[in-house]
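S.K.: target_36.txt (compact mmCIF, C-alpha atoms and all ligand atoms) pasted underneath:
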```
# COMPACT_ATOMS: atom_id res chain seq x y z
CA MET A 20 61.66 -7.01 5.99
CA LEU A 21 59.70 -3.72 5.94
CA SER A 22 58.36 -2.66 9.28
CA VAL A 23 54.68 -1.68 9.55
CA LYS A 24 55.66 1.81 10.68
CA LYS A 25 57.68 2.36 7.49
CA MET A 26 54.75 1.04 5.40
CA VAL A 27 52.18 3.39 6.92
CA GLY A 28 54.48 6.37 6.53
CA SER A 29 55.35 5.67 2.90
CA PRO A 30 53.58 7.51 0.06
CA PHE A 31 52.73 4.15 -1.44
CA ALA A 32 50.89 3.05 1.69
CA LYS A 33 49.11 6.42 1.84
CA SER A 34 47.79 6.03 -1.69
CA ILE A 35 46.63 2.50 -0.85
CA LEU A 36 44.77 3.95 2.14
CA VAL A 37 43.15 6.58 -0.10
CA ILE A 38 42.03 3.91 -2.55
CA VAL A 39 40.68 1.74 0.25
CA ALA A 40 38.86 4.75 1.72
CA ALA A 41 37.43 5.59 -1.71
CA LEU A 42 36.25 2.02 -2.23
CA PHE A 43 34.68 2.06 1.20
CA ALA A 44 32.89 5.32 0.45
CA THR A 45 31.62 3.94 -2.89
CA ALA A 46 30.41 0.78 -1.16
CA ASN A 47 28.55 2.96 1.32
CA ILE A 48 26.89 4.95 -1.45
CA ALA A 49 25.83 1.69 -3.14
CA ASP A 50 24.45 0.47 0.18
CA SER A 51 22.48 3.60 0.88
CA SER A 52 20.92 3.64 -2.60
CA GLU A 53 19.55 0.15 -2.10
CA PRO A 54 16.74 1.09 0.32
CA LEU A 55 15.84 3.91 -2.11
CA GLN A 56 15.24 1.39 -4.88
CA LEU A 57 13.36 -0.90 -2.54
CA ALA A 58 11.23 1.86 -1.00
CA GLN A 59 8.03 1.86 -2.98
CA LEU A 60 6.13 4.63 -1.27
CA SER A 61 7.13 8.21 -2.05
CA ASP A 62 9.26 10.00 0.52
CA GLY A 63 7.11 11.26 3.36
CA PHE A 64 3.99 9.71 1.83
CA ASN A 65 0.94 9.96 4.08
CA ALA A 66 -2.19 8.22 2.81
CA GLU A 67 -4.63 10.40 4.74
CA GLN A 68 -3.06 13.67 3.60
CA THR A 69 -2.82 12.57 -0.03
CA TYR A 70 -6.41 11.28 0.09
CA MET A 71 -7.57 14.66 1.39
CA ALA A 72 -5.60 16.50 -1.29
CA SER A 73 -6.38 14.32 -4.33
CA CYS A 74 -9.31 11.96 -3.78
CA PHE A 75 -11.56 13.55 -1.15
CA ALA A 76 -13.21 16.00 -3.57
CA CYS A 77 -14.95 13.18 -5.47
CA HIS A 78 -14.87 10.30 -3.01
CA SER A 79 -16.37 12.09 0.01
CA THR A 80 -19.44 13.23 -1.94
CA GLY A 81 -19.74 10.40 -4.44
CA ALA A 82 -19.41 12.92 -7.28
CA ALA A 83 -19.98 11.36 -10.73
CA GLY A 84 -20.74 8.01 -9.06
CA ALA A 85 -17.46 7.70 -7.16
CA PRO A 86 -17.64 5.08 -4.39
CA LYS A 87 -17.97 7.05 -1.16
CA VAL A 88 -15.37 6.89 1.59
CA GLY A 89 -16.29 7.22 5.25
CA ALA A 90 -17.67 5.29 8.20
CA GLY A 91 -20.42 2.87 7.16
CA MET A 92 -19.62 3.15 3.42
CA LEU A 93 -18.13 -0.32 3.01
CA ALA A 94 -21.15 -1.41 0.94
CA GLU A 95 -19.94 1.05 -1.73
CA TRP A 96 -16.70 -0.92 -1.92
CA THR A 97 -17.62 -4.60 -1.49
CA PRO A 98 -19.07 -5.08 -5.02
CA ARG A 99 -15.96 -3.40 -6.48
CA LEU A 100 -13.67 -5.60 -4.39
CA GLU A 101 -15.28 -8.75 -5.80
CA LYS A 102 -12.92 -8.44 -8.78
CA GLY A 103 -9.96 -8.46 -6.36
CA LEU A 104 -7.95 -5.69 -4.73
CA ASP A 105 -5.32 -5.76 -7.50
CA ALA A 106 -7.94 -4.98 -10.14
CA VAL A 107 -9.37 -2.14 -8.03
CA VAL A 108 -5.86 -0.74 -7.53
CA ALA A 109 -5.18 -1.06 -11.28
CA ASN A 110 -8.33 0.96 -12.00
CA SER A 111 -7.13 3.71 -9.66
CA ILE A 112 -3.79 3.76 -11.51
CA ASN A 113 -5.17 3.65 -15.06
CA GLY A 114 -8.52 5.32 -14.47
CA VAL A 115 -11.95 3.82 -15.15
CA ASN A 116 -14.93 5.64 -16.72
CA THR A 117 -15.06 9.07 -15.03
CA MET A 118 -12.42 8.10 -12.44
CA PRO A 119 -9.32 9.93 -13.73
CA ALA A 120 -5.99 8.07 -14.00
CA LYS A 121 -4.07 8.19 -10.71
CA GLY A 122 -7.03 10.05 -9.20
CA LEU A 123 -5.24 13.20 -10.40
CA CYS A 124 -2.32 12.52 -8.04
CA PHE A 125 0.31 12.65 -10.77
CA ASP A 126 3.30 12.32 -8.47
CA CYS A 127 1.81 9.25 -6.75
CA THR A 128 3.62 5.98 -7.43
CA ASP A 129 1.67 2.79 -8.08
CA ASP A 130 2.38 1.75 -4.52
CA ASP A 131 1.19 5.11 -3.19
CA LEU A 132 -2.10 4.46 -5.03
CA ARG A 133 -2.35 0.97 -3.55
CA ALA A 134 -1.82 2.49 -0.08
CA LEU A 135 -4.51 5.11 -0.85
CA VAL A 136 -7.01 2.47 -1.94
CA GLU A 137 -6.29 0.43 1.20
CA TYR A 138 -6.71 3.60 3.27
CA MET A 139 -10.04 4.43 1.57
CA ILE A 140 -11.38 0.92 2.17
CA ALA A 141 -10.20 0.90 5.80
CA ALA A 142 -11.77 4.35 6.34
CA SER A 143 -15.12 3.05 5.03
CA ASP A 144 -15.41 0.17 7.51
C1 LIG A 201 -12.72 13.68 -10.48
C2 LIG A 201 -13.28 12.83 -9.47
C3 LIG A 201 -12.39 11.77 -8.84
C4 LIG A 201 -11.18 11.92 -8.21
C5 LIG A 201 -10.40 13.20 -8.00
C6 LIG A 201 -10.79 10.61 -7.74
N1 LIG A 201 -11.73 9.68 -8.10
FE1 LIG A 201 -11.65 7.66 -7.76
N2 LIG A 201 -13.41 7.41 -8.73
C7 LIG A 201 -14.17 8.44 -9.30
C8 LIG A 201 -15.35 7.86 -9.94
C9 LIG A 201 -16.43 8.64 -10.65
C10 LIG A 201 -15.26 6.47 -9.73
C11 LIG A 201 -16.23 5.40 -10.23
C12 LIG A 201 -15.79 4.94 -11.61
C13 LIG A 201 -16.68 3.85 -12.15
O1 LIG A 201 -16.59 2.71 -11.64
O2 LIG A 201 -17.47 4.12 -13.06
C14 LIG A 201 -14.05 6.22 -8.98
C15 LIG A 201 -13.61 4.97 -8.59
C16 LIG A 201 -12.49 4.73 -7.85
C17 LIG A 201 -12.07 3.44 -7.39
C18 LIG A 201 -12.79 2.12 -7.61
C19 LIG A 201 -12.23 1.45 -8.83
C20 LIG A 201 -12.93 0.14 -9.10
O3 LIG A 201 -12.26 -0.79 -9.56
O4 LIG A 201 -14.12 0.00 -8.86
C21 LIG A 201 -10.91 3.62 -6.70
C22 LIG A 201 -10.08 2.55 -6.03
C23 LIG A 201 -10.61 5.02 -6.73
N3 LIG A 201 -11.58 5.67 -7.42
C24 LIG A 201 -9.49 5.58 -6.13
C25 LIG A 201 -9.19 6.93 -6.18
C26 LIG A 201 -8.01 7.49 -5.57
C27 LIG A 201 -6.97 6.70 -4.82
C28 LIG A 201 -8.07 8.84 -5.80
C29 LIG A 201 -7.07 9.89 -5.38
C30 LIG A 201 -5.67 9.64 -5.64
C31 LIG A 201 -9.26 9.11 -6.57
N4 LIG A 201 -9.91 7.92 -6.77
C32 LIG A 201 -9.64 10.36 -7.03
C33 LIG A 201 -13.88 9.78 -9.27
C34 LIG A 201 -12.73 10.35 -8.76
```
Mind turning this structure into structure tokens?
Ligand code: HEC

M.R.:
Amino acid sequence: MLSVKKMVGSPFAKSILVIVAALFATANIADSSEPLQLAQLSDGFNAEQTYMASCFACHSTGAAGAPKVGAGMLAEWTPRLEKGLDAVVANSINGVNTMPAKGLCFDCTDDDLRALVEYMIAASD
């Protein structure tokens, strides 16, 4: 019978170890890519910062009839929300009338836009 010591020292056992290590590494890569696929917000996404950069220009002033964002502005949003949050989010993604698609945030994902809309509504309470 082969002893374990002889097995570990043999070139055959070493190559098995390399293969096992490689499989393990591959499994780890597959594992770590999973949260990336599941993560729906962009890396480092911050709703307030993105709002200030992309949406504030129109939505703070109500330019071109944009629903205003800010304390006490919920009445600007309630009639829009009657069609459901999903429809409001869809309009921010696709654009509606003079509201440009994605609110000009071209690297925003759909979920970033949903988070922005939720932020804008919460900030108008
Ligand atoms: C160039 C000006 C402008 C910018 C920039 C802009 N919006 Fe708008 N937005 C508008 C206007 C105007 C409307 C009203 C459109 C209408 O209902 O006729 C609007 C409407 C909306 C609505 C309501 C949609 C609905 O269903 O009633 C949402 C939500 C919205 N914007 C989100 C955003 C977000 C999020 C951003 C930034 C990523 C953004 N907007 C940037 C002008 C802008």

S.K.: Between A:Val136, A:Ala90, A:Ala66, A:Ala141, which residue has the minimum interatomic distance to ligand LIG 201 (chain A), considering all atoms listed in the file?

M.R.: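 Under the stated criterion, the closest residue is A:Val136.
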
S.K.: Can you measure atom CA of Ala83 of chain A to atom C8 of ligand LIG 201 (chain A) for me? One decimal in Å is fine.

M.R.: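 Distance reported for this atom pair: 5.9 Å.
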
S.K.: Quick one: 5 Å padding each side, axis-aligned, all listed atoms of ligand LIG 201 (chain A) - centre and edge lengths in Å to one decimal, as AutoDock Vina command-line options?

M.R.:
```
--center_x -11.6 --center_y 6.4 --center_z -8.9 --size_x 21.8 --size_y 24.5 --size_z 18.2
```

S.K.: Given a cut-off of 8 Å, what residues near ligand LIG 201 (chain A) show up using all atoms listed in the file, put as a tab-separated table (two decimals) with C-alpha atoms, in the frame of the given file?

M.R.:
```tsv
chain	number	residue	atom	x	y	z
A	69	THR	CA	-2.82	12.57	-0.03
A	70	TYR	CA	-6.41	11.28	0.09
A	72	ALA	CA	-5.60	16.50	-1.29
A	73	SER	CA	-6.38	14.32	-4.33
A	74	CYS	CA	-9.31	11.96	-3.78
A	75	PHE	CA	-11.56	13.55	-1.15
A	76	ALA	CA	-13.21	16.00	-3.57
A	77	CYS	CA	-14.95	13.18	-5.47
A	78	HIS	CA	-14.87	10.30	-3.01
A	81	GLY	CA	-19.74	10.40	-4.44
A	82	ALA	CA	-19.41	12.92	-7.28
A	83	ALA	CA	-19.98	11.36	-10.73
A	84	GLY	CA	-20.74	8.01	-9.06
A	85	ALA	CA	-17.46	7.70	-7.16
A	86	PRO	CA	-17.64	5.08	-4.39
A	96	TRP	CA	-16.70	-0.92	-1.92
A	99	ARG	CA	-15.96	-3.40	-6.48
A	100	LEU	CA	-13.67	-5.60	-4.39
A	102	LYS	CA	-12.92	-8.44	-8.78
A	106	ALA	CA	-7.94	-4.98	-10.14
A	107	VAL	CA	-9.37	-2.14	-8.03
A	108	VAL	CA	-5.86	-0.74	-7.53
A	109	ALA	CA	-5.18	-1.06	-11.28
A	110	ASN	CA	-8.33	0.96	-12.00
A	111	SER	CA	-7.13	3.71	-9.66
A	112	ILE	CA	-3.79	3.76	-11.51
A	114	GLY	CA	-8.52	5.32	-14.47
A	115	VAL	CA	-11.95	3.82	-15.15
A	116	ASN	CA	-14.93	5.64	-16.72
A	117	THR	CA	-15.06	9.07	-15.03
A	118	MET	CA	-12.42	8.10	-12.44
A	119	PRO	CA	-9.32	9.93	-13.73
A	121	LYS	CA	-4.07	8.19	-10.71
A	122	GLY	CA	-7.03	10.05	-9.20
A	123	LEU	CA	-5.24	13.20	-10.40
A	124	CYS	CA	-2.32	12.52	-8.04
A	127	CYS	CA	1.81	9.25	-6.75
A	132	LEU	CA	-2.10	4.46	-5.03
A	133	ARG	CA	-2.35	0.97	-3.55
A	135	LEU	CA	-4.51	5.11	-0.85
A	136	VAL	CA	-7.01	2.47	-1.94
A	139	MET	CA	-10.04	4.43	1.57
```

S.K.: By how many Å are atom CA of Gln68 of chain A and atom CA of Leu93 of chain A apart?

M.R.: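 Atom CA of Leu93 of chain A lies 20.6 Å from atom CA of Gln68 of chain A.
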
S.K.: One number please: atom CA of Met71 of chain A to atom CA of Gly103 of chain A, in Å, one decimal.

M.R.: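 If I compute the distance from atom CA of Met71 of chain A to atom CA of Gly103 of chain A, I get 24.5 Å.
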
S.K.: Counting all atoms listed in the file, which residues have an atom no more than 7 Å from (2.1, 8.1, 1.7) in the file's coordinates? Please list them as a PDB file with C-alpha atoms, in the coordinates of the input.

M.R.:
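See result-v1.pdb below for the written result:
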```pdb
ATOM      1  CA  LEU A  60       6.130   4.630  -1.270  1.00  0.00           C
ATOM      2  CA  SER A  61       7.130   8.210  -2.050  1.00  0.00           C
ATOM      3  CA  GLY A  63       7.110  11.260   3.360  1.00  0.00           C
ATOM      4  CA  PHE A  64       3.990   9.710   1.830  1.00  0.00           C
ATOM      5  CA  ASN A  65       0.940   9.960   4.080  1.00  0.00           C
ATOM      6  CA  ALA A  66      -2.190   8.220   2.810  1.00  0.00           C
ATOM      7  CA  THR A  69      -2.820  12.570  -0.030  1.00  0.00           C
ATOM      8  CA  ASP A 131       1.190   5.110  -3.190  1.00  0.00           C
TER       9      ASP A 131
END
```

S.K.: With all atoms listed in the file as the counted atoms, please give the residues lying no more than 6 Å from Gly89 of chain A, apart from itself and same-chain residues fewer than 2 positions off, as a PDB file with C-alpha atoms, keeping the file's coordinate frame.

M.R.:
```pdb
ATOM      1  CA  MET A  92     -19.620   3.150   3.420  1.00  0.00           C
ATOM      2  CA  ALA A 142     -11.770   4.350   6.340  1.00  0.00           C
ATOM      3  CA  SER A 143     -15.120   3.050   5.030  1.00  0.00           C
TER       4      SER A 143
END
```
